[in-house]
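Chemist: Sharing upload.cif here; it has mmCIF, N, CA and C atoms.
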```cif
data_input
#
loop_
_atom_site.group_PDB
_atom_site.id
_atom_site.type_symbol
_atom_site.label_atom_id
_atom_site.label_comp_id
_atom_site.auth_asym_id
_atom_site.auth_seq_id
_atom_site.Cartn_x
_atom_site.Cartn_y
_atom_site.Cartn_z
ATOM 1 N N MET A 631 -13.179 29.148 -35.262
ATOM 2 C CA MET A 631 -13.364 27.872 -35.923
ATOM 3 C C MET A 631 -14.782 27.369 -35.633
ATOM 4 N N MET A 632 -15.455 26.895 -36.654
ATOM 5 C CA MET A 632 -16.835 26.422 -36.489
ATOM 6 C C MET A 632 -16.858 24.925 -36.213
ATOM 7 N N SER A 633 -17.786 24.523 -35.367
ATOM 8 C CA SER A 633 -17.946 23.107 -35.064
ATOM 9 C C SER A 633 -18.601 22.404 -36.250
ATOM 10 N N ALA A 634 -18.608 21.083 -36.191
ATOM 11 C CA ALA A 634 -19.175 20.280 -37.271
ATOM 12 C C ALA A 634 -20.013 19.162 -36.686
ATOM 13 N N LEU A 635 -21.023 18.764 -37.444
ATOM 14 C CA LEU A 635 -21.878 17.653 -37.050
ATOM 15 C C LEU A 635 -21.580 16.444 -37.925
ATOM 16 N N TRP A 636 -21.524 15.302 -37.299
ATOM 17 C CA TRP A 636 -21.352 14.012 -37.960
ATOM 18 C C TRP A 636 -22.729 13.368 -37.879
ATOM 19 N N ILE A 637 -23.380 13.158 -39.012
ATOM 20 C CA ILE A 637 -24.754 12.665 -39.048
ATOM 21 C C ILE A 637 -24.778 11.310 -39.742
ATOM 22 N N ALA A 638 -25.219 10.300 -39.033
ATOM 23 C CA ALA A 638 -25.282 8.939 -39.576
ATOM 24 C C ALA A 638 -26.714 8.431 -39.530
ATOM 25 N N ASN A 639 -27.127 7.802 -40.618
ATOM 26 C CA ASN A 639 -28.422 7.120 -40.699
ATOM 27 C C ASN A 639 -28.101 5.673 -41.001
ATOM 28 N N VAL A 640 -28.555 4.769 -40.136
ATOM 29 C CA VAL A 640 -28.071 3.392 -40.185
ATOM 30 C C VAL A 640 -29.216 2.388 -40.088
ATOM 31 N N HIS A 641 -29.126 1.363 -40.918
ATOM 32 C CA HIS A 641 -29.972 0.175 -40.791
ATOM 33 C C HIS A 641 -29.038 -0.959 -40.383
ATOM 34 N N VAL A 642 -29.224 -1.462 -39.177
ATOM 35 C CA VAL A 642 -28.357 -2.514 -38.640
ATOM 36 C C VAL A 642 -28.872 -3.878 -39.102
ATOM 37 N N THR A 643 -27.959 -4.668 -39.669
ATOM 38 C CA THR A 643 -28.320 -6.012 -40.135
ATOM 39 C C THR A 643 -27.718 -7.112 -39.271
ATOM 40 N N ASP A 644 -26.741 -6.769 -38.442
ATOM 41 C CA ASP A 644 -26.114 -7.729 -37.522
ATOM 42 C C ASP A 644 -25.873 -7.007 -36.203
ATOM 43 N N GLU A 645 -26.777 -7.213 -35.251
ATOM 44 C CA GLU A 645 -26.732 -6.491 -33.966
ATOM 45 C C GLU A 645 -25.432 -6.730 -33.201
ATOM 46 N N ASP A 646 -24.943 -7.966 -33.177
ATOM 47 C CA ASP A 646 -23.724 -8.277 -32.417
ATOM 48 C C ASP A 646 -22.509 -7.547 -32.982
ATOM 49 N N ALA A 647 -22.325 -7.645 -34.287
ATOM 50 C CA ALA A 647 -21.178 -6.984 -34.914
ATOM 51 C C ALA A 647 -21.296 -5.470 -34.781
ATOM 52 N N TYR A 648 -22.510 -4.946 -34.954
ATOM 53 C CA TYR A 648 -22.677 -3.499 -34.846
ATOM 54 C C TYR A 648 -22.454 -3.037 -33.409
ATOM 55 N N GLY A 649 -22.794 -3.866 -32.465
ATOM 56 C CA GLY A 649 -22.513 -3.555 -31.064
ATOM 57 C C GLY A 649 -21.024 -3.430 -30.805
ATOM 58 N N ARG A 650 -20.230 -4.289 -31.439
ATOM 59 C CA ARG A 650 -18.769 -4.188 -31.306
ATOM 60 C C ARG A 650 -18.274 -2.881 -31.920
ATOM 61 N N TYR A 651 -18.842 -2.513 -33.060
ATOM 62 C CA TYR A 651 -18.503 -1.229 -33.683
ATOM 63 C C TYR A 651 -18.786 -0.079 -32.705
ATOM 64 N N ALA A 652 -20.001 -0.045 -32.166
ATOM 65 C CA ALA A 652 -20.410 1.063 -31.297
ATOM 66 C C ALA A 652 -19.520 1.163 -30.063
ATOM 67 N N LYS A 653 -19.129 0.026 -29.519
ATOM 68 C CA LYS A 653 -18.284 0.017 -28.322
ATOM 69 C C LYS A 653 -16.917 0.638 -28.599
ATOM 70 N N LEU A 654 -16.387 0.399 -29.790
ATOM 71 C CA LEU A 654 -15.078 0.950 -30.157
ATOM 72 C C LEU A 654 -15.165 2.354 -30.731
ATOM 73 N N ALA A 655 -16.262 2.670 -31.413
ATOM 74 C CA ALA A 655 -16.399 3.973 -32.073
ATOM 75 C C ALA A 655 -16.514 5.102 -31.057
ATOM 76 N N GLY A 656 -17.222 4.879 -29.970
ATOM 77 C CA GLY A 656 -17.412 5.933 -28.972
ATOM 78 C C GLY A 656 -16.106 6.531 -28.475
ATOM 79 N N PRO A 657 -15.156 5.702 -28.012
ATOM 80 C CA PRO A 657 -13.870 6.258 -27.566
ATOM 81 C C PRO A 657 -13.088 6.939 -28.693
ATOM 82 N N ALA A 658 -13.160 6.409 -29.904
ATOM 83 C CA ALA A 658 -12.457 7.037 -31.029
ATOM 84 C C ALA A 658 -13.027 8.424 -31.302
ATOM 85 N N ILE A 659 -14.337 8.557 -31.214
ATOM 86 C CA ILE A 659 -14.993 9.847 -31.417
ATOM 87 C C ILE A 659 -14.606 10.821 -30.305
ATOM 88 N N ALA A 660 -14.646 10.351 -29.066
ATOM 89 C CA ALA A 660 -14.275 11.199 -27.924
ATOM 90 C C ALA A 660 -12.818 11.656 -28.020
ATOM 91 N N ASP A 661 -11.931 10.792 -28.510
ATOM 92 C CA ASP A 661 -10.510 11.144 -28.641
ATOM 93 C C ASP A 661 -10.292 12.311 -29.594
ATOM 94 N N HIS A 662 -11.264 12.583 -30.453
ATOM 95 C CA HIS A 662 -11.153 13.695 -31.405
ATOM 96 C C HIS A 662 -12.063 14.864 -31.019
ATOM 97 N N GLY A 663 -12.477 14.884 -29.756
ATOM 98 C CA GLY A 663 -13.282 15.994 -29.250
ATOM 99 C C GLY A 663 -14.752 15.886 -29.577
ATOM 100 N N GLY A 664 -15.182 14.736 -30.098
ATOM 101 C CA GLY A 664 -16.581 14.551 -30.459
ATOM 102 C C GLY A 664 -17.410 14.070 -29.285
ATOM 103 N N TYR A 665 -18.686 14.421 -29.315
ATOM 104 C CA TYR A 665 -19.625 13.903 -28.316
ATOM 105 C C TYR A 665 -20.990 13.770 -28.972
ATOM 106 N N PHE A 666 -21.781 12.859 -28.457
ATOM 107 C CA PHE A 666 -23.064 12.536 -29.070
ATOM 108 C C PHE A 666 -24.157 13.499 -28.636
ATOM 109 N N LEU A 667 -24.908 13.983 -29.614
ATOM 110 C CA LEU A 667 -26.107 14.776 -29.362
ATOM 111 C C LEU A 667 -27.339 13.882 -29.460
ATOM 112 N N VAL A 668 -27.302 12.924 -30.381
ATOM 113 C CA VAL A 668 -28.408 11.999 -30.626
ATOM 114 C C VAL A 668 -27.804 10.633 -30.870
ATOM 115 N N ARG A 669 -28.400 9.632 -30.250
ATOM 116 C CA ARG A 669 -27.911 8.270 -30.457
ATOM 117 C C ARG A 669 -29.093 7.311 -30.410
ATOM 118 N N ALA A 670 -29.698 7.083 -31.593
ATOM 119 C CA ALA A 670 -30.750 6.077 -31.747
ATOM 120 C C ALA A 670 -32.002 6.368 -30.924
ATOM 121 N N GLY A 671 -32.388 7.621 -30.809
ATOM 122 C CA GLY A 671 -33.597 7.980 -30.085
ATOM 123 C C GLY A 671 -34.834 7.841 -30.962
ATOM 124 N N ALA A 672 -35.951 8.231 -30.400
ATOM 125 C CA ALA A 672 -37.211 8.220 -31.156
ATOM 126 C C ALA A 672 -37.067 9.164 -32.346
ATOM 127 N N TYR A 673 -37.700 8.819 -33.446
ATOM 128 C CA TYR A 673 -37.579 9.625 -34.656
ATOM 129 C C TYR A 673 -38.844 9.507 -35.496
ATOM 130 N N GLU A 674 -38.977 10.407 -36.449
ATOM 131 C CA GLU A 674 -40.059 10.364 -37.427
ATOM 132 C C GLU A 674 -39.435 10.555 -38.798
ATOM 133 N N GLN A 675 -39.580 9.561 -39.658
ATOM 134 C CA GLN A 675 -39.020 9.632 -41.010
ATOM 135 C C GLN A 675 -39.972 10.426 -41.891
ATOM 136 N N LEU A 676 -39.521 11.556 -42.414
ATOM 137 C CA LEU A 676 -40.367 12.404 -43.246
ATOM 138 C C LEU A 676 -40.076 12.218 -44.731
ATOM 139 N N GLU A 677 -38.826 11.973 -45.081
ATOM 140 C CA GLU A 677 -38.437 11.776 -46.480
ATOM 141 C C GLU A 677 -37.265 10.803 -46.521
ATOM 142 N N GLY A 678 -37.067 10.185 -47.669
ATOM 143 C CA GLY A 678 -35.892 9.343 -47.879
ATOM 144 C C GLY A 678 -36.008 7.976 -47.237
ATOM 145 N N ARG A 679 -34.858 7.316 -47.168
ATOM 146 C CA ARG A 679 -34.787 5.957 -46.619
ATOM 147 C C ARG A 679 -35.068 5.939 -45.132
ATOM 148 N N ASP A 680 -35.866 5.002 -44.716
ATOM 149 C CA ASP A 680 -36.165 4.832 -43.290
ATOM 150 C C ASP A 680 -35.108 3.922 -42.677
ATOM 151 N N ARG A 681 -34.253 4.523 -41.880
ATOM 152 C CA ARG A 681 -33.224 3.768 -41.160
ATOM 153 C C ARG A 681 -33.383 4.090 -39.689
ATOM 154 N N ALA A 682 -33.608 3.062 -38.907
ATOM 155 C CA ALA A 682 -34.047 3.241 -37.522
ATOM 156 C C ALA A 682 -32.974 3.800 -36.586
ATOM 157 N N ARG A 683 -31.707 3.705 -36.942
ATOM 158 C CA ARG A 683 -30.663 4.217 -36.054
ATOM 159 C C ARG A 683 -30.125 5.519 -36.642
ATOM 160 N N ASN A 684 -30.336 6.602 -35.928
ATOM 161 C CA ASN A 684 -29.889 7.925 -36.345
ATOM 162 C C ASN A 684 -28.960 8.470 -35.273
ATOM 163 N N VAL A 685 -27.784 8.904 -35.684
ATOM 164 C CA VAL A 685 -26.764 9.351 -34.742
ATOM 165 C C VAL A 685 -26.237 10.715 -35.190
ATOM 166 N N VAL A 686 -26.124 11.628 -34.232
ATOM 167 C CA VAL A 686 -25.526 12.939 -34.493
ATOM 168 C C VAL A 686 -24.471 13.181 -33.419
ATOM 169 N N ALA A 687 -23.264 13.472 -33.864
ATOM 170 C CA ALA A 687 -22.183 13.815 -32.942
ATOM 171 C C ALA A 687 -21.651 15.187 -33.334
ATOM 172 N N ARG A 688 -21.248 15.957 -32.347
ATOM 173 C CA ARG A 688 -20.661 17.275 -32.601
ATOM 174 C C ARG A 688 -19.157 17.189 -32.368
ATOM 175 N N PHE A 689 -18.404 17.773 -33.293
ATOM 176 C CA PHE A 689 -16.950 17.856 -33.190
ATOM 177 C C PHE A 689 -16.548 19.322 -33.148
ATOM 178 N N PRO A 690 -15.374 19.625 -32.614
ATOM 179 C CA PRO A 690 -14.954 21.022 -32.529
ATOM 180 C C PRO A 690 -14.719 21.674 -33.889
ATOM 181 N N SER A 691 -14.499 20.871 -34.927
ATOM 182 C CA SER A 691 -14.267 21.424 -36.266
ATOM 183 C C SER A 691 -14.524 20.351 -37.322
ATOM 184 N N LEU A 692 -14.666 20.789 -38.549
ATOM 185 C CA LEU A 692 -14.797 19.872 -39.675
ATOM 186 C C LEU A 692 -13.548 18.993 -39.771
ATOM 187 N N GLN A 693 -12.387 19.589 -39.545
ATOM 188 C CA GLN A 693 -11.131 18.835 -39.620
ATOM 189 C C GLN A 693 -11.069 17.754 -38.548
ATOM 190 N N ALA A 694 -11.535 18.065 -37.332
ATOM 191 C CA ALA A 694 -11.520 17.071 -36.253
ATOM 192 C C ALA A 694 -12.413 15.883 -36.604
ATOM 193 N N ALA A 695 -13.582 16.152 -37.193
ATOM 194 C CA ALA A 695 -14.486 15.071 -37.596
ATOM 195 C C ALA A 695 -13.853 14.237 -38.702
ATOM 196 N N HIS A 696 -13.235 14.899 -39.660
ATOM 197 C CA HIS A 696 -12.544 14.218 -40.755
ATOM 198 C C HIS A 696 -11.396 13.355 -40.215
ATOM 199 N N ASP A 697 -10.601 13.926 -39.321
ATOM 200 C CA ASP A 697 -9.474 13.196 -38.741
ATOM 201 C C ASP A 697 -9.950 11.985 -37.952
ATOM 202 N N CYS A 698 -11.063 12.138 -37.253
ATOM 203 C CA CYS A 698 -11.621 11.009 -36.504
ATOM 204 C C CYS A 698 -11.966 9.873 -37.450
ATOM 205 N N TYR A 699 -12.706 10.182 -38.500
ATOM 206 C CA TYR A 699 -13.131 9.146 -39.448
ATOM 207 C C TYR A 699 -11.933 8.393 -40.015
ATOM 208 N N ASN A 700 -10.865 9.096 -40.306
ATOM 209 C CA ASN A 700 -9.689 8.486 -40.919
ATOM 210 C C ASN A 700 -8.686 7.924 -39.923
ATOM 211 N N SER A 701 -8.967 8.049 -38.632
ATOM 212 C CA SER A 701 -8.035 7.554 -37.615
ATOM 213 C C SER A 701 -8.013 6.022 -37.596
ATOM 214 N N ASP A 702 -6.900 5.484 -37.171
ATOM 215 C CA ASP A 702 -6.770 4.030 -37.057
ATOM 216 C C ASP A 702 -7.827 3.463 -36.118
ATOM 217 N N ALA A 703 -8.067 4.146 -35.002
ATOM 218 C CA ALA A 703 -9.032 3.644 -34.013
ATOM 219 C C ALA A 703 -10.437 3.563 -34.599
ATOM 220 N N TYR A 704 -10.855 4.613 -35.324
ATOM 221 C CA TYR A 704 -12.203 4.583 -35.887
ATOM 222 C C TYR A 704 -12.295 3.568 -37.020
ATOM 223 N N GLN A 705 -11.277 3.472 -37.836
ATOM 224 C CA GLN A 705 -11.298 2.506 -38.934
ATOM 225 C C GLN A 705 -11.348 1.075 -38.410
ATOM 226 N N GLN A 706 -10.688 0.811 -37.290
ATOM 227 C CA GLN A 706 -10.784 -0.515 -36.660
ATOM 228 C C GLN A 706 -12.204 -0.776 -36.181
ATOM 229 N N ALA A 707 -12.831 0.237 -35.608
ATOM 230 C CA ALA A 707 -14.236 0.101 -35.188
ATOM 231 C C ALA A 707 -15.114 -0.143 -36.407
ATOM 232 N N LEU A 708 -14.876 0.620 -37.467
ATOM 233 C CA LEU A 708 -15.694 0.539 -38.668
ATOM 234 C C LEU A 708 -15.624 -0.838 -39.325
ATOM 235 N N ASP A 709 -14.534 -1.539 -39.137
ATOM 236 C CA ASP A 709 -14.430 -2.911 -39.662
ATOM 237 C C ASP A 709 -15.589 -3.778 -39.174
ATOM 238 N N HIS A 710 -16.086 -3.526 -37.966
ATOM 239 C CA HIS A 710 -17.206 -4.304 -37.406
ATOM 240 C C HIS A 710 -18.541 -3.885 -38.005
ATOM 241 N N ALA A 711 -18.651 -2.647 -38.467
ATOM 242 C CA ALA A 711 -19.910 -2.160 -39.034
ATOM 243 C C ALA A 711 -20.073 -2.579 -40.496
ATOM 244 N N ARG A 712 -18.947 -2.745 -41.185
ATOM 245 C CA ARG A 712 -19.013 -3.172 -42.588
ATOM 246 C C ARG A 712 -19.613 -4.573 -42.650
ATOM 247 N N GLY A 713 -20.623 -4.742 -43.466
ATOM 248 C CA GLY A 713 -21.288 -6.034 -43.551
ATOM 249 C C GLY A 713 -22.312 -6.254 -42.455
ATOM 250 N N ALA A 714 -22.369 -5.344 -41.487
ATOM 251 C CA ALA A 714 -23.315 -5.466 -40.374
ATOM 252 C C ALA A 714 -24.344 -4.342 -40.405
ATOM 253 N N SER A 715 -24.249 -3.489 -41.442
ATOM 254 C CA SER A 715 -25.157 -2.351 -41.500
ATOM 255 C C SER A 715 -25.152 -1.744 -42.896
ATOM 256 N N GLU A 716 -26.211 -0.994 -43.164
ATOM 257 C CA GLU A 716 -26.277 -0.104 -44.327
ATOM 258 C C GLU A 716 -26.263 1.295 -43.747
ATOM 259 N N ARG A 717 -25.305 2.116 -44.169
ATOM 260 C CA ARG A 717 -25.089 3.409 -43.517
ATOM 261 C C ARG A 717 -24.928 4.529 -44.514
ATOM 262 N N ASP A 718 -25.405 5.688 -44.130
ATOM 263 C CA ASP A 718 -25.055 6.952 -44.778
ATOM 264 C C ASP A 718 -24.412 7.790 -43.684
ATOM 265 N N LEU A 719 -23.321 8.444 -44.011
ATOM 266 C CA LEU A 719 -22.625 9.282 -43.039
ATOM 267 C C LEU A 719 -22.178 10.560 -43.732
ATOM 268 N N VAL A 720 -22.487 11.685 -43.126
ATOM 269 C CA VAL A 720 -22.081 12.979 -43.667
ATOM 270 C C VAL A 720 -21.535 13.824 -42.522
ATOM 271 N N ILE A 721 -20.547 14.648 -42.851
ATOM 272 C CA ILE A 721 -20.029 15.634 -41.907
ATOM 273 C C ILE A 721 -20.444 17.000 -42.446
ATOM 274 N N VAL A 722 -21.052 17.813 -41.591
ATOM 275 C CA VAL A 722 -21.555 19.125 -42.003
ATOM 276 C C VAL A 722 -21.020 20.176 -41.044
ATOM 277 N N GLU A 723 -20.413 21.215 -41.604
ATOM 278 C CA GLU A 723 -19.948 22.310 -40.760
ATOM 279 C C GLU A 723 -21.155 23.113 -40.299
ATOM 280 N N GLU A 724 -21.181 23.438 -39.017
ATOM 281 C CA GLU A 724 -22.299 24.224 -38.479
ATOM 282 C C GLU A 724 -22.146 25.693 -38.862
ATOM 283 N N ASN A 725 -23.276 26.353 -39.048
ATOM 284 C CA ASN A 725 -23.277 27.787 -39.274
ATOM 285 C C ASN A 725 -22.989 28.502 -37.972
ATOM 286 N N GLU A 726 -22.490 29.710 -38.097
ATOM 287 C CA GLU A 726 -22.285 30.514 -36.895
ATOM 288 C C GLU A 726 -23.642 30.803 -36.276
ATOM 289 N N HIS A 727 -23.696 30.746 -34.959
ATOM 290 C CA HIS A 727 -24.952 31.026 -34.256
ATOM 291 C C HIS A 727 -25.187 32.535 -34.225
ATOM 292 N N ARG A 728 -26.397 32.916 -34.525
ATOM 293 C CA ARG A 728 -26.754 34.339 -34.504
ATOM 294 C C ARG A 728 -27.974 34.517 -33.597
ATOM 295 N N ASP A 729 -27.960 35.569 -32.842
ATOM 296 C CA ASP A 729 -29.091 35.851 -31.954
ATOM 297 C C ASP A 729 -30.194 36.560 -32.704
#
```
Would you kindly transcribe this structure into structure tokens?

Modeler:
Amino acid sequence: MMSALWIANVHVTDEDAYGRYAKLAGPAIADHGGYFLVRAGAYEQLEGRDRARNVVARFPSLQAAHDCYNSDAYQQALDHARGASERDLVIVEENEHRD
């Protein structure tokens, strides 16, 4: 089974509400085997919309990432992000690693 990346590009418009989202989203992601590779670090925008918060999480599978997004816990967290941010979120299955 191949792992999957959850990639979010976010422009936060309400720091307090988005902070509540982040506090709840982390445990929901961990409950589905996800962990953060990147969380709002330094970045360079080369193309597309410039959104200062970039997040990448790895999940054990595409299904695990999908299940996380649709879980009650994550949807409750997401309620705080709605209206508090402009977001793009994609789940991408990783290719098999080759030496």

Chemist: Determine, using only N, CA and C atoms, which residues of region 654-699 of chain A have any atom at most 8 Å from an atom of region 714-723 of chain A, and tabulate each with its shortest atom pair and distance in Å to one decimal place, rows ordered by chain and then rising number, as a tab-separated table.

Modeler:
```
residue	atom	partner	partner_atom	distance
A:Arg681	CA	A:Glu716	C	7.8
A:Ser691	C	A:Glu723	CA	6.7
A:Leu692	CA	A:Glu723	CA	5.8
A:Ala695	CA	A:Ile721	CA	7.0
A:His696	N	A:Ile721	CA	7.2
```

Chemist: Tell me which of A:Val668, A:Gln706, A:Gly713, A:Tyr699 sits closest to Thr643 (chain A), counting all atoms listed in the file.

Modeler: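 The shortest atom-to-atom distance to Thr643 (chain A) comes from A:Gly713.
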
Chemist: What's around Gln693 (chain A) at 8 Å? Count only N, CA and C atoms, leave out sequence neighbours fewer than 4 positions away in its own chain, and write the answer as a ChimeraX atom specification.

Modeler: /A:632-634,689,697-699

Chemist: Generate a file of the selected residues that holds N, CA and C atoms, formatted as a tab-separated table (two decimals), in the coordinates of the input.

Modeler:
```
chain	number	residue	atom	x	y	z
A	632	MET	N	-15.46	26.90	-36.65
A	632	MET	CA	-16.84	26.42	-36.49
A	632	MET	C	-16.86	24.92	-36.21
A	633	SER	N	-17.79	24.52	-35.37
A	633	SER	CA	-17.95	23.11	-35.06
A	633	SER	C	-18.60	22.40	-36.25
A	634	ALA	N	-18.61	21.08	-36.19
A	634	ALA	CA	-19.18	20.28	-37.27
A	634	ALA	C	-20.01	19.16	-36.69
A	689	PHE	N	-18.40	17.77	-33.29
A	689	PHE	CA	-16.95	17.86	-33.19
A	689	PHE	C	-16.55	19.32	-33.15
A	697	ASP	N	-10.60	13.93	-39.32
A	697	ASP	CA	-9.47	13.20	-38.74
A	697	ASP	C	-9.95	11.98	-37.95
A	698	CYS	N	-11.06	12.14	-37.25
A	698	CYS	CA	-11.62	11.01	-36.50
A	698	CYS	C	-11.97	9.87	-37.45
A	699	TYR	N	-12.71	10.18	-38.50
A	699	TYR	CA	-13.13	9.15	-39.45
A	699	TYR	C	-11.93	8.39	-40.02
```

Chemist: In Å, with one decimal, what is the gap from atom N of Leu635 (chain A) to atom N of Asn684 (chain A)?

Modeler: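 That distance, rounded to one decimal, is 15.4 Å.
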
Chemist: From (-10.7, 11.7, -32.3), in the file's coordinates, out to 8 Å: which residues are reached, counting only N, CA and C atoms? Answer as an MDAnalysis selection string.

Modeler: chainID A and resid 657:664 694:695 697:699 701 704

Chemist: Could you check the closest approach to Val640 (chain A) for each of A:His710, A:Arg688, A:Arg683, A:Arg669 and tell me which residue wins, using only N, CA and C atoms?

Modeler: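 Nearest candidate to Val640 (chain A) out of A:His710, A:Arg688, A:Arg683, A:Arg669: A:Arg683.
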
Chemist: Return as a ChimeraX atom specification the full set of residues in chain A whose backbone-based DSSP assignment is strand (DSSP E).

Modeler: /A:634-642,665-669,683-689,715-723

Chemist: Dump as a ChimeraX atom specification all residues having an atom at most 8 Å from (-19.7, 2.0, -35.2), computed in the file's coordinates with all atoms listed in the file.

Modeler: /A:647-656,704,707-712

Chemist: Please determine, counting all atoms listed in the file, which residue among A:Ala682, A:Glu645, A:Pro690, A:Glu677 has the shortest atom-to-atom distance to Tyr665 (chain A).

Modeler: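 Closest candidate: A:Pro690.
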
Chemist: Hey, what does DSSP flag as helix (DSSP H, G or I) within chain A? Can you give it to me as a VMD selection string?

Modeler: chain A and resid 645 to 661 692 to 700 702 to 711

Chemist: Can you tell me how far CA of Asp702 (chain A) sits from CA of Val685 (chain A), in Å to one decimal?

Modeler: 20.8 Å

Chemist: Work out how far apart CA of Arg679 (chain A) and CA of Gln705 (chain A) are and give it in Å to one decimal.

Modeler: 25.0 Å

Chemist: Could you check the closest approach to Phe666 (chain A) for each of A:Met631, A:Ile637, A:Val642, A:Ala703 and tell me which residue wins, using only C-alpha atoms?

Modeler: A:Ile637
